[in-house]
Structures are given as structure tokens and as C-alpha cells.
Amino acid sequence: MNLSTVGVDALMDSMAGIDVAKFARKIEKLGYSALWFPEAFGRDPFALAAHLLTVTDKLIVGTAIANVWKRGPVAMLSGARTLAEMFPDRFVLGIGISHGPMMTRMGIDYVKPLSFMRDYLAQLKDAPYSAARPSSEAPIVVAALLPKMLRLAAAETDGTIPTFVTPERTAQIRAEIGPDKLICVQQVSMLEKDASKARTAIRGLIAFYLGLPNYLQSLRLMGFDDSDFAGGGSDRIVDAMVAWGDEQAIRDRVAAQYKAGATHVCITPLNAEGSAGAWSHAAGGSRTGATPEERALEALAPR
């Protein structure tokens, strides 16, 4: 499985099924290696992954993330192995614990998420499966923003899928988990050269994430503090969380993530014309995601 080429991370729940197929085929035609998507409050991730894999030829598909609170380890493993068998080397199982406020909305008791994930991974390894085995297992990566979850991901899975991390933090993650683990970074971006317009739109997005404890702790690890979180976010934090500017500025940020140790970078290009706010409220999983701006997807496609 070759994830070295840039991919795309997109929430596709607002698209009709026929448009999802067209979108996936376009991503593949543009040369992106992978299409990732979060599990929000809409489509089942394994059914959607099967559809995406069926309508494309070589595109890698990854869940970013499939929610561990919403299905048991046996069901999670069965879904992953079925896809890995039927679509060899084309499926990545990204899993995560999401966030307390979102899980409370679903009636889930969000208690001791680290312990829950540790037990979950142990059960995942021992889950029964009697169908034909895939020629190679689907890689498993965990959304791990904080040190303890990151150490767990490194010890028990194939790697991690961080978002809203600077290249400097990516380098730290690489140093912490070693040279052989996957680091699949989501790089949110905006193809907009006007600083005021870009930052205003981005603030409409990050206000949602600045209300989530896990992201706040992650941002503190990167050197941000309460002064950066106030007033919708300082320019410094806005510029760190989202790459904005012309095509070259975004390509430079992606390159910096690779240089820092990312195995794979998946971009989520946003439209400055008001899509960011809707995007933030739609993202119900542990990572961000949205239907990216297609103009930007074309401009940022792998060369």
C-alpha cells in the first residue's frame, strides 16, 4: 500500500450517492492516492468505504475515524477484514474515541477513554473471524492527539492520524513513535490569498474545535495558551491550524509535514465563502472533515 502521495479528507454525507461516486472517481483521476472520511452522524463508514472502493480502481480508502463507541471490536474487525479481503491493499482502518460533548449527544457515557481504547484494541486483536482472511490485514491507525493515546497507538497499532498539528508537532510525534509507524496527517487548507478573508473564515471553523478539550490540550502541547484561544483565535493559532494562501503556500505546508516525518498527508481544502462554519458543525467524529472545494482540489492535485 503506497500512501506517499497526497490524499484527500472529506465529509461526504451531504452528497447524494451518485455524487459520492463521481467525487471519488474525480479524486482518483486527479492523482490523489487516498480518500479519507470521518464518521459523523450519517452514513455507516464500512458501507460507504465499500461503495467508494467499488466505484474506483486503485484509490485507497480510509476511515478517519470509525467511532469505537458506536460498534464493538468484533463488528469493527469484521468490517475491516471484509474490505481488506475484497479490496487488497486499499483500505485503512482509522479508529478513534471522538470527543465527550459529541458522545454525550449520542447518550454515550464518555468515561476513561484511554482505558476504553486500550481494552478495545486488546479485544480487537482477539476478535473471532471465520471468513476467508485477506492476503494482508488492513492497517489500523488511531486518532491520537495526546501523549498517552499516542504511546498506546504506537505500541498496539500501525500508527496515528493527527489533525490540526503543525509540522513541528509532527516531528515530535515521529520522534515519539519511531521511524516505522504510519503518521497520516490531515492538513486543513484554504486557497485564499486575502489574509483578512481567510482568517475570518477560518475563525468560523476553529471556534468549534477550540471548545473541545482534547484539541485544546493538543494545542497547548504545541505552545499555544489562553491568549491564543480568546476572541475566536489569535492570528498565530489560525495560521498554524489551517494552511491558507496561494497554491504554493499550501504545497509548502504539505511539504513541511512530509519533511517533519509524515508518512502521508491528506488535505481538506475549504472555501472561504462561508463553508467553514457549516463544516465544523457537520464534523461529528474525532477528526475534521468536509466536502472540499473542487477548485482547490484541482489546483493542489499531485504533480
# chains A, B, ... in the order shown; residues from 1 in each chain; ligands from 1
call {"tool": "select_by_dssp", "arguments": {"residues": "stretch 190-269 of chain A", "states": "strand (DSSP E)", "output": "list in words"}}
result
Met190, Leu191, Ala243, Trp244, Gly245, His264, Val265, Cys266, Ile267, Thr268 and Pro269 of chain A
call {"tool": "select_by_dssp", "arguments": {"residues": "stretch 106-135 of chain A", "states": "helix (DSSP H, G or I)", "output": "list in words"}}
result
Pro113, Leu114, Ser115, Phe116, Met117, Arg118, Asp119, Tyr120, Leu121, Ala122, Gln123, Leu124, Lys125 and Asp126 of chain A
call {"tool": "atom_distance", "arguments": {"atom1": "atom CA of A:Ser135", "atom2": "atom CA of A:Leu152"}}
result
26.0 Å
call {"tool": "closest_residue", "arguments": {"among": "A:Phe116, A:Tyr258, A:Phe23, A:Phe224", "to": "A:Asp9", "atoms": "only C-alpha atoms"}}
result
A:Phe23
call {"tool": "closest_residue", "arguments": {"among": "A:Ala230, A:His264, A:Gly178, A:Ala144", "to": "A:Ala34", "atoms": "only C-alpha atoms"}}
result
A:His264
call {"tool": "residues_around", "arguments": {"residues": "stretch 186-194 of chain A", "least_positions_apart": "6", "cutoff": "9 Å", "atoms": "only C-alpha atoms", "output": "PyMOL selection string"}}
result
chain A and resi 7-9+161-165+202+241-247+249-250+253-254+257+264-272+287-289+293+295-296+299
call {"tool": "residues_around", "arguments": {"residues": "A:Asp180", "least_positions_apart": "4", "cutoff": "10 Å", "atoms": "only C-alpha atoms", "output": "PyMOL selection string"}}
result
chain A and resi 154+158-159+174+263
call {"tool": "residues_around", "arguments": {"residues": "stretch 54-57 of chain A", "least_positions_apart": "5", "cutoff": "9 Å", "atoms": "only C-alpha atoms", "output": "number ranges by chain"}}
result
A: 21-22, 24-25, 28, 49, 87
call {"tool": "write_last_selection", "arguments": {"atoms": "C-alpha atoms", "output": "compact mmCIF listing (two decimals), in the first residue's frame"}}
result
# COMPACT_ATOMS: atom_id res chain seq x y z
CA ALA A 21 -19.23 8.11 -6.76
CA LYS A 22 -18.41 10.98 -9.13
CA ALA A 24 -14.34 9.62 -5.64
CA ARG A 25 -13.60 8.99 -9.30
CA GLU A 28 -8.61 9.25 -8.29
CA ALA A 49 -16.00 2.57 2.16
CA PHE A 87 -10.09 -4.86 -1.98
